Amino acid sequence: MIVVTGADGYIGWVTALRLAEAFPEEEILGIDNFARRRWVRRVNGFSFTDVPSIRARMAAARRKRPNLRFQAMDLRRPDAAECLLQRERPRAVVHLAAQPSAPFASQSLRHAHLTCDINNGITRNLVFAIRGCGEPVHLVMTTTMGIYGAPNFPIPEGRLTVQVDGSEDTIPYPGMATSWYHMSKANDANTLYLAHRIWRLPITELRTAITYGLNWNDFQEDPSLVTRLDCDPYFGVVVHRFCAQGATGAGLTVYGLGRLRKPFISVESAALSLVRAVAAGNPGEYRIYNQVTDVVGIEELAHLVQGEAAARGIACPVTHVPNPRVENETHPMRVHCEGFLRDLGPFSDDLRSEVGNLVEFFLSRTDRARRSLGLFP
Ligand SMILES: NC(=O)c1ccc[n+]([C@@H]2O[C@H](COP(=O)([O-])OP(=O)(O)OC[C@H]3O[C@@H](n4cnc5c(N)ncnc54)[C@H](O)[C@@H]3O)[C@@H](O)[C@H]2O)c1
């Protein structure tokens, strides 16, 4: 039995489907409290895909994957996580439940509190619940590449070897995040480090890159199986926003100089690597991987989208707008992800072709795209 938290979410839904396919003899239990649906409504956002009720999407999923199950649960309650682990005795927990948006967390003190309380609280609840059940349950969890900030050296996979006064040690990379959300994930990484250190919990932490795209094959099999796709100022990611702007012929708005490079991964590869992390097992180590398949400049990404829109007869200029974020606009991010590719790869991501697919997708929903882009200041 394998538990997936955040199973109603963007990455979680695809991961739940892939786990059910990869382990057909095993029960896969998805957990969620639908907070993401509520938060998106609160910012007047919506999913571009028509995400049905959990009952409908589970009915569609179970037609071919009868081993998939779902239970609504709020993991903020310590007793909920405890009961879950005691009752189900899973061999692995894939933990994706979180408030995942930096702009949402940055709205006010209340939103920062909510984000840190939820993210850090539910991770702490889970590690205590795993410890309490007395089994070596493998915890596979996504944090974020945002933990690393923008250093002047290539980003290692989780740890740094440092020298002080002639002595050397390898230590966890410090939290250098630049938003309350990303720092909540740095604090989660500290929780994982401590839980491993004092209890030897087997942990695989994936530092997730900006995740884009859709699960097209499932979408073709049955539209109820598609995952959500958001494009509002709070829950949209840059790839989706540019593709929506490209499809409507609106200017592609690059924040500031846009000469910084950022890490990316498709939602299919993110899910696949989580499945492979479960399949690999973990004898009691704390493994950290940079879950990244591409590092691309933001301005370069805008030109890529511009080209895909032009190939479909749409002209859209690339414009620069004042940057609402505090960031190094020329950071030439370099990332080590050799461990990720070696242990959990290979992956077949093709950012250009996915951008083409997304522009086509938004072309069939230009009214919604305009409505969503209208939410940006
Ligand atoms: N999507 C990305 O670009 C990205 C990038 C880096 C890291 N991540 C991380 O990956 C994970 C999944 O991200 P996502 O984009 O799928 O987010 P998502 O919001 O779509 O999924 C998270 C799910 O967790 C659920 N949830 C929140 N609080 C809960 C609670 N108290 N109890 C039970 N369920 C709860 C939400 O309802 C949601 O369905 C998150 O941990 C996120 O921080 C995502």
# chains A, B, ... in the order shown; residues from 1 in each chain; ligands from 1
>>> residues_near_ligand(ligand="ligand 1", cutoff="8 Å", atoms="only C-alpha atoms and all ligand atoms", output="PDB file with N, CA and C atoms, in the first residue's frame")
ATOM      1  N   THR A   5      -0.226  12.010  -0.634  1.00  0.00           N
ATOM      2  CA  THR A   5      -0.941  13.183  -0.113  1.00  0.00           C
ATOM      3  C   THR A   5      -0.961  14.264  -1.199  1.00  0.00           C
ATOM      4  N   GLY A   6      -2.024  15.064  -1.196  1.00  0.00           N
ATOM      5  CA  GLY A   6      -2.156  16.095  -2.234  1.00  0.00           C
ATOM      6  C   GLY A   6      -2.598  15.497  -3.556  1.00  0.00           C
ATOM      7  N   ALA A   7      -3.353  14.378  -3.473  1.00  0.00           N
ATOM      8  CA  ALA A   7      -3.693  13.607  -4.681  1.00  0.00           C
ATOM      9  C   ALA A   7      -4.709  14.302  -5.578  1.00  0.00           C
ATOM     10  N   ASP A   8      -5.386  15.349  -5.058  1.00  0.00           N
ATOM     11  CA  ASP A   8      -6.322  16.090  -5.908  1.00  0.00           C
ATOM     12  C   ASP A   8      -5.604  17.258  -6.594  1.00  0.00           C
ATOM     13  N   GLY A   9      -4.310  17.407  -6.346  1.00  0.00           N
ATOM     14  CA  GLY A   9      -3.578  18.557  -6.857  1.00  0.00           C
ATOM     15  C   GLY A   9      -2.974  18.319  -8.234  1.00  0.00           C
ATOM     16  N   TYR A  10      -2.273  19.316  -8.703  1.00  0.00           N
ATOM     17  CA  TYR A  10      -1.718  19.322 -10.074  1.00  0.00           C
ATOM     18  C   TYR A  10      -0.750  18.153 -10.295  1.00  0.00           C
ATOM     19  N   ILE A  11       0.280  18.036  -9.457  1.00  0.00           N
ATOM     20  CA  ILE A  11       1.245  16.938  -9.618  1.00  0.00           C
ATOM     21  C   ILE A  11       0.680  15.662  -8.987  1.00  0.00           C
ATOM     22  N   GLY A  12      -0.042  15.834  -7.884  1.00  0.00           N
ATOM     23  CA  GLY A  12      -0.520  14.681  -7.122  1.00  0.00           C
ATOM     24  C   GLY A  12      -1.470  13.789  -7.897  1.00  0.00           C
ATOM     25  N   TRP A  13      -2.350  14.407  -8.703  1.00  0.00           N
ATOM     26  CA  TRP A  13      -3.307  13.592  -9.451  1.00  0.00           C
ATOM     27  C   TRP A  13      -2.574  12.707 -10.468  1.00  0.00           C
ATOM     28  N   ILE A  31      -4.898  11.118  -0.735  1.00  0.00           N
ATOM     29  CA  ILE A  31      -5.424  11.922   0.376  1.00  0.00           C
ATOM     30  C   ILE A  31      -5.432  13.386  -0.056  1.00  0.00           C
ATOM     31  N   ASP A  32      -6.496  14.107   0.268  1.00  0.00           N
ATOM     32  CA  ASP A  32      -6.520  15.554  -0.004  1.00  0.00           C
ATOM     33  C   ASP A  32      -7.669  16.172   0.801  1.00  0.00           C
ATOM     34  N   ASN A  33      -7.575  17.482   1.049  1.00  0.00           N
ATOM     35  CA  ASN A  33      -8.702  18.166   1.709  1.00  0.00           C
ATOM     36  C   ASN A  33      -9.298  19.246   0.799  1.00  0.00           C
ATOM     37  N   PHE A  34      -8.901  19.261  -0.480  1.00  0.00           N
ATOM     38  CA  PHE A  34      -9.446  20.167  -1.511  1.00  0.00           C
ATOM     39  C   PHE A  34      -9.140  21.636  -1.231  1.00  0.00           C
ATOM     40  N   ALA A  35      -8.128  21.915  -0.420  1.00  0.00           N
ATOM     41  CA  ALA A  35      -7.792  23.304  -0.100  1.00  0.00           C
ATOM     42  C   ALA A  35      -7.409  24.065  -1.371  1.00  0.00           C
ATOM     43  N   ARG A  36      -6.705  23.388  -2.288  1.00  0.00           N
ATOM     44  CA  ARG A  36      -6.277  24.076  -3.506  1.00  0.00           C
ATOM     45  C   ARG A  36      -7.474  24.598  -4.298  1.00  0.00           C
ATOM     46  N   ARG A  37      -8.519  23.817  -4.391  1.00  0.00           N
ATOM     47  CA  ARG A  37      -9.709  24.277  -5.120  1.00  0.00           C
ATOM     48  C   ARG A  37     -10.258  25.551  -4.461  1.00  0.00           C
ATOM     49  N   ARG A  38     -10.262  25.569  -3.117  1.00  0.00           N
ATOM     50  CA  ARG A  38     -10.815  26.738  -2.397  1.00  0.00           C
ATOM     51  C   ARG A  38      -9.909  27.965  -2.576  1.00  0.00           C
ATOM     52  N   ALA A  72     -10.852  11.759   1.742  1.00  0.00           N
ATOM     53  CA  ALA A  72     -10.719  13.170   2.101  1.00  0.00           C
ATOM     54  C   ALA A  72     -10.181  13.247   3.524  1.00  0.00           C
ATOM     55  N   MET A  73      -9.176  14.072   3.723  1.00  0.00           N
ATOM     56  CA  MET A  73      -8.560  14.160   5.059  1.00  0.00           C
ATOM     57  C   MET A  73      -7.767  15.463   5.161  1.00  0.00           C
ATOM     58  N   ASP A  74      -7.882  16.126   6.304  1.00  0.00           N
ATOM     59  CA  ASP A  74      -7.083  17.328   6.547  1.00  0.00           C
ATOM     60  C   ASP A  74      -5.855  16.935   7.364  1.00  0.00           C
ATOM     61  N   LEU A  75      -4.706  16.966   6.718  1.00  0.00           N
ATOM     62  CA  LEU A  75      -3.477  16.493   7.368  1.00  0.00           C
ATOM     63  C   LEU A  75      -2.941  17.464   8.415  1.00  0.00           C
ATOM     64  N   ARG A  76      -3.601  18.628   8.554  1.00  0.00           N
ATOM     65  CA  ARG A  76      -3.180  19.535   9.637  1.00  0.00           C
ATOM     66  C   ARG A  76      -3.504  18.926  10.990  1.00  0.00           C
ATOM     67  N   ARG A  77      -4.467  18.001  11.016  1.00  0.00           N
ATOM     68  CA  ARG A  77      -4.831  17.368  12.291  1.00  0.00           C
ATOM     69  C   ARG A  77      -3.828  16.261  12.598  1.00  0.00           C
ATOM     70  N   HIS A  95       4.559  12.483  -0.342  1.00  0.00           N
ATOM     71  CA  HIS A  95       3.946  13.643   0.316  1.00  0.00           C
ATOM     72  C   HIS A  95       4.030  14.881  -0.576  1.00  0.00           C
ATOM     73  N   LEU A  96       2.880  15.258  -1.132  1.00  0.00           N
ATOM     74  CA  LEU A  96       2.811  16.411  -2.028  1.00  0.00           C
ATOM     75  C   LEU A  96       1.860  17.487  -1.507  1.00  0.00           C
ATOM     76  N   ALA A  97       1.120  17.201  -0.457  1.00  0.00           N
ATOM     77  CA  ALA A  97       0.129  18.166   0.037  1.00  0.00           C
ATOM     78  C   ALA A  97       0.839  19.404   0.582  1.00  0.00           C
ATOM     79  N   ALA A  98       0.377  20.567   0.148  1.00  0.00           N
ATOM     80  CA  ALA A  98       1.001  21.818   0.596  1.00  0.00           C
ATOM     81  C   ALA A  98       0.200  23.000   0.080  1.00  0.00           C
ATOM     82  N   GLN A  99       0.503  24.181   0.606  1.00  0.00           N
ATOM     83  CA  GLN A  99       0.110  25.424  -0.056  1.00  0.00           C
ATOM     84  C   GLN A  99       1.328  25.755  -0.916  1.00  0.00           C
ATOM     85  N   PRO A 100       1.223  25.677  -2.264  1.00  0.00           N
ATOM     86  CA  PRO A 100       2.417  25.698  -3.104  1.00  0.00           C
ATOM     87  C   PRO A 100       2.736  27.034  -3.797  1.00  0.00           C
ATOM     88  N   SER A 101       2.065  28.121  -3.398  1.00  0.00           N
ATOM     89  CA  SER A 101       2.247  29.355  -4.156  1.00  0.00           C
ATOM     90  C   SER A 101       2.975  30.431  -3.361  1.00  0.00           C
ATOM     91  N   ILE A 118       0.588  25.389   7.506  1.00  0.00           N
ATOM     92  CA  ILE A 118       0.132  24.193   6.791  1.00  0.00           C
ATOM     93  C   ILE A 118       1.332  23.347   6.368  1.00  0.00           C
ATOM     94  N   ASN A 119       2.266  23.960   5.633  1.00  0.00           N
ATOM     95  CA  ASN A 119       3.346  23.160   5.058  1.00  0.00           C
ATOM     96  C   ASN A 119       4.199  22.501   6.147  1.00  0.00           C
ATOM     97  N   ILE A 122       1.976  19.955   8.467  1.00  0.00           N
ATOM     98  CA  ILE A 122       1.612  18.617   7.963  1.00  0.00           C
ATOM     99  C   ILE A 122       2.857  17.754   7.743  1.00  0.00           C
ATOM    100  N   MET A 141       9.178  12.983  -0.706  1.00  0.00           N
ATOM    101  CA  MET A 141       8.527  14.294  -0.588  1.00  0.00           C
ATOM    102  C   MET A 141       9.101  15.302  -1.575  1.00  0.00           C
ATOM    103  N   THR A 142       8.230  16.168  -2.091  1.00  0.00           N
ATOM    104  CA  THR A 142       8.715  17.259  -2.934  1.00  0.00           C
ATOM    105  C   THR A 142       8.872  18.516  -2.082  1.00  0.00           C
ATOM    106  N   THR A 143      10.071  19.101  -2.148  1.00  0.00           N
ATOM    107  CA  THR A 143      10.221  20.472  -1.637  1.00  0.00           C
ATOM    108  C   THR A 143      10.353  21.355  -2.884  1.00  0.00           C
ATOM    109  N   THR A 144      11.360  22.174  -2.986  1.00  0.00           N
ATOM    110  CA  THR A 144      11.444  23.043  -4.167  1.00  0.00           C
ATOM    111  C   THR A 144      12.886  23.477  -4.435  1.00  0.00           C
ATOM    112  N   MET A 145      13.181  23.729  -5.699  1.00  0.00           N
ATOM    113  CA  MET A 145      14.489  24.277  -6.059  1.00  0.00           C
ATOM    114  C   MET A 145      14.656  25.686  -5.483  1.00  0.00           C
ATOM    115  N   GLY A 146      13.529  26.317  -5.106  1.00  0.00           N
ATOM    116  CA  GLY A 146      13.569  27.673  -4.543  1.00  0.00           C
ATOM    117  C   GLY A 146      14.298  27.744  -3.212  1.00  0.00           C
ATOM    118  N   LYS A 185       9.382  25.642   2.689  1.00  0.00           N
ATOM    119  CA  LYS A 185       9.904  24.369   2.172  1.00  0.00           C
ATOM    120  C   LYS A 185      11.338  24.134   2.680  1.00  0.00           C
ATOM    121  N   ARG A 207      13.756  18.102  -4.841  1.00  0.00           N
ATOM    122  CA  ARG A 207      13.642  19.562  -4.901  1.00  0.00           C
ATOM    123  C   ARG A 207      13.097  19.905  -6.285  1.00  0.00           C
ATOM    124  N   THR A 208      11.809  20.159  -6.296  1.00  0.00           N
ATOM    125  CA  THR A 208      11.053  20.241  -7.554  1.00  0.00           C
ATOM    126  C   THR A 208      11.281  21.564  -8.273  1.00  0.00           C
ATOM    127  N   ALA A 209      11.458  21.467  -9.596  1.00  0.00           N
ATOM    128  CA  ALA A 209      11.588  22.649 -10.452  1.00  0.00           C
ATOM    129  C   ALA A 209      10.189  23.151 -10.818  1.00  0.00           C
ATOM    130  N   ILE A 210      10.131  24.264 -11.528  1.00  0.00           N
ATOM    131  CA  ILE A 210       8.849  24.801 -12.019  1.00  0.00           C
ATOM    132  C   ILE A 210       8.237  23.736 -12.926  1.00  0.00           C
ATOM    133  N   THR A 211       7.026  23.336 -12.601  1.00  0.00           N
ATOM    134  CA  THR A 211       6.432  22.181 -13.271  1.00  0.00           C
ATOM    135  C   THR A 211       5.373  22.656 -14.262  1.00  0.00           C
ATOM    136  N   TYR A 212       5.419  22.091 -15.463  1.00  0.00           N
ATOM    137  CA  TYR A 212       4.552  22.599 -16.532  1.00  0.00           C
ATOM    138  C   TYR A 212       3.896  21.446 -17.292  1.00  0.00           C
ATOM    139  N   ARG A 228      -5.310  19.523 -13.187  1.00  0.00           N
ATOM    140  CA  ARG A 228      -5.706  20.926 -13.254  1.00  0.00           C
ATOM    141  C   ARG A 228      -4.625  21.733 -13.978  1.00  0.00           C
ATOM    142  N   VAL A 237       2.038  29.140 -13.414  1.00  0.00           N
ATOM    143  CA  VAL A 237       3.500  29.206 -13.539  1.00  0.00           C
ATOM    144  C   VAL A 237       3.821  29.903 -14.859  1.00  0.00           C
ATOM    145  N   VAL A 267       5.144  17.881 -15.922  1.00  0.00           N
ATOM    146  CA  VAL A 267       4.367  17.216 -14.862  1.00  0.00           C
ATOM    147  C   VAL A 267       4.477  15.693 -15.006  1.00  0.00           C
TER     148      VAL A 267
END
>>> residues_around(residues="range 107-117 of chain A", least_positions_apart="3", cutoff="8 Å", atoms="only C-alpha atoms", output="PyMOL selection string")
chain A and resi 98-99+103-104+120-121+180-181+184
>>> write_last_selection(atoms="N, CA and C atoms", output="mmCIF file, in the first residue's frame")
data_model
loop_
_atom_site.group_PDB
_atom_site.id
_atom_site.type_symbol
_atom_site.label_atom_id
_atom_site.label_comp_id
_atom_site.auth_asym_id
_atom_site.auth_seq_id
_atom_site.Cartn_x
_atom_site.Cartn_y
_atom_site.Cartn_z
ATOM 1 N N ALA A 98 0.377 20.567 0.148
ATOM 2 C CA ALA A 98 1.001 21.818 0.596
ATOM 3 C C ALA A 98 0.200 23.000 0.080
ATOM 4 N N GLN A 99 0.503 24.181 0.606
ATOM 5 C CA GLN A 99 0.110 25.424 -0.056
ATOM 6 C C GLN A 99 1.328 25.755 -0.916
ATOM 7 N N PRO A 103 3.346 33.756 -4.455
ATOM 8 C CA PRO A 103 2.548 34.996 -4.426
ATOM 9 C C PRO A 103 1.364 34.905 -3.457
ATOM 10 N N PHE A 104 0.757 33.721 -3.335
ATOM 11 C CA PHE A 104 -0.368 33.561 -2.405
ATOM 12 C C PHE A 104 0.125 33.790 -0.975
ATOM 13 N N ASN A 120 4.611 23.308 7.123
ATOM 14 C CA ASN A 120 5.491 22.749 8.160
ATOM 15 C C ASN A 120 4.710 21.850 9.109
ATOM 16 N N GLY A 121 3.458 22.224 9.392
ATOM 17 C CA GLY A 121 2.638 21.420 10.304
ATOM 18 C C GLY A 121 2.377 20.035 9.738
ATOM 19 N N TRP A 180 8.192 33.581 1.416
ATOM 20 C CA TRP A 180 7.723 32.862 2.610
ATOM 21 C C TRP A 180 7.382 31.429 2.263
ATOM 22 N N TYR A 181 6.781 31.232 1.075
ATOM 23 C CA TYR A 181 6.457 29.852 0.666
ATOM 24 C C TYR A 181 7.732 29.025 0.524
ATOM 25 N N SER A 184 9.210 28.161 3.693
ATOM 26 C CA SER A 184 8.488 27.097 4.416
ATOM 27 C C SER A 184 9.002 25.732 3.960
#
>>> atom_distance(atom1="CA of Glu27 in chain A", atom2="CA of Val3 in chain A")
8.5 Å
>>> residues_around(residues="Ile130 in chain A", least_positions_apart="2", cutoff="9 Å", atoms="only C-alpha atoms", output="count of residues only")
17
>>> closest_residue(among="A:Arg287, A:Arg365, A:Arg18, A:His331", to="Glu157 in chain A", atoms="only C-alpha atoms")
A:Arg287
>>> residues_around(residues="Gln306 in chain A", least_positions_apart="5", cutoff="8 Å", atoms="only C-alpha atoms", output="ChimeraX atom specification")
/A:246,252,315-318
>>> residues_around(residues="Ser348 in chain A", least_positions_apart="6", cutoff="12 Å", atoms="only C-alpha atoms", output="PyMOL selection string")
chain A and resi 265-270+272-273+292-294+341+354
>>> residues_around(residues="Gly213 in chain A", least_positions_apart="6", cutoff="12 Å", atoms="only C-alpha atoms", output="JSON, numbers by chain")
{"A": [10, 11, 14, 48, 49, 219, 226, 227, 228, 229, 230, 231, 236, 237, 238, 239, 240, 241, 243, 264, 265, 266, 267, 268, 269, 270, 271, 349, 350, 351, 352, 353, 354, 355, 356, 357, 358, 359, 361, 362]}
>>> write_last_selection(atoms="C-alpha atoms", output="PDB file, in the first residue's frame")
ATOM      1  CA  TYR A  10      -1.718  19.322 -10.074  1.00  0.00           C
ATOM      2  CA  ILE A  11       1.245  16.938  -9.618  1.00  0.00           C
ATOM      3  CA  VAL A  14      -0.886  12.514 -12.195  1.00  0.00           C
ATOM      4  CA  PHE A  48      -8.280  25.761 -17.601  1.00  0.00           C
ATOM      5  CA  THR A  49      -9.063  22.072 -17.649  1.00  0.00           C
ATOM      6  CA  PHE A 219      -6.806  13.512 -21.214  1.00  0.00           C
ATOM      7  CA  VAL A 226      -6.804  15.425 -16.897  1.00  0.00           C
ATOM      8  CA  THR A 227      -5.031  17.293 -14.125  1.00  0.00           C
ATOM      9  CA  ARG A 228      -5.706  20.926 -13.254  1.00  0.00           C
ATOM     10  CA  LEU A 229      -3.995  23.803 -15.101  1.00  0.00           C
ATOM     11  CA  ASP A 230      -3.879  27.255 -13.545  1.00  0.00           C
ATOM     12  CA  CYS A 231      -2.832  30.523 -15.065  1.00  0.00           C
ATOM     13  CA  GLY A 236      -0.107  29.929 -12.547  1.00  0.00           C
ATOM     14  CA  VAL A 237       3.500  29.206 -13.539  1.00  0.00           C
ATOM     15  CA  VAL A 238       5.431  31.229 -16.095  1.00  0.00           C
ATOM     16  CA  VAL A 239       5.240  28.597 -18.871  1.00  0.00           C
ATOM     17  CA  HIS A 240       1.446  28.507 -18.664  1.00  0.00           C
ATOM     18  CA  ARG A 241       1.132  32.296 -18.482  1.00  0.00           C
ATOM     19  CA  CYS A 243       1.450  30.157 -23.501  1.00  0.00           C
ATOM     20  CA  PHE A 264      11.880  23.297 -15.239  1.00  0.00           C
ATOM     21  CA  ILE A 265      10.330  19.819 -15.416  1.00  0.00           C
ATOM     22  CA  SER A 266       7.177  18.486 -17.066  1.00  0.00           C
ATOM     23  CA  VAL A 267       4.367  17.216 -14.862  1.00  0.00           C
ATOM     24  CA  GLU A 268       4.744  13.746 -16.437  1.00  0.00           C
ATOM     25  CA  SER A 269       8.455  13.567 -15.580  1.00  0.00           C
ATOM     26  CA  ALA A 270       7.789  14.895 -12.089  1.00  0.00           C
ATOM     27  CA  ALA A 271       5.262  12.084 -11.529  1.00  0.00           C
ATOM     28  CA  ASP A 349      11.042  16.211 -21.710  1.00  0.00           C
ATOM     29  CA  ASP A 350      10.753  18.431 -24.770  1.00  0.00           C
ATOM     30  CA  LEU A 351       9.906  21.936 -23.583  1.00  0.00           C
ATOM     31  CA  ARG A 352       9.410  23.288 -27.122  1.00  0.00           C
ATOM     32  CA  SER A 353       6.912  20.634 -28.132  1.00  0.00           C
ATOM     33  CA  GLU A 354       5.013  20.931 -24.830  1.00  0.00           C
ATOM     34  CA  VAL A 355       4.857  24.707 -25.335  1.00  0.00           C
ATOM     35  CA  GLY A 356       3.371  24.028 -28.786  1.00  0.00           C
ATOM     36  CA  ASN A 357       0.781  21.693 -27.244  1.00  0.00           C
ATOM     37  CA  LEU A 358      -0.104  24.267 -24.601  1.00  0.00           C
ATOM     38  CA  VAL A 359      -0.448  27.117 -27.114  1.00  0.00           C
ATOM     39  CA  PHE A 361      -4.719  24.066 -25.910  1.00  0.00           C
ATOM     40  CA  PHE A 362      -5.092  27.742 -24.948  1.00  0.00           C
TER      41      PHE A 362
END
>>> select_by_dssp(residues="range 252-376 of chain A", states="strand (DSSP E)", output="ChimeraX atom specification")
/A:252-255,261-266,286-291,294-297,318-321
>>> residues_around(residues="Phe376 in chain A", least_positions_apart="5", cutoff="10 Å", atoms="only C-alpha atoms", output="PDB file with C-alpha atoms, in the first residue's frame")
ATOM      1  CA  CYS A 231      -2.832  30.523 -15.065  1.00  0.00           C
ATOM      2  CA  ASP A 232      -3.791  33.210 -12.547  1.00  0.00           C
ATOM      3  CA  PRO A 233      -1.227  35.512 -10.837  1.00  0.00           C
ATOM      4  CA  TYR A 234      -1.126  33.279  -7.748  1.00  0.00           C
ATOM      5  CA  ARG A 371     -10.275  36.296 -18.370  1.00  0.00           C
TER       6      ARG A 371
END
>>> closest_residue(among="A:Trp216, A:His336, A:Arg131, A:His196", to="Arg159 in chain A", atoms="only C-alpha atoms")
A:His336
>>> atom_distance(atom1="CA of Tyr148 in chain A", atom2="CA of Pro263 in chain A")
11.5 Å
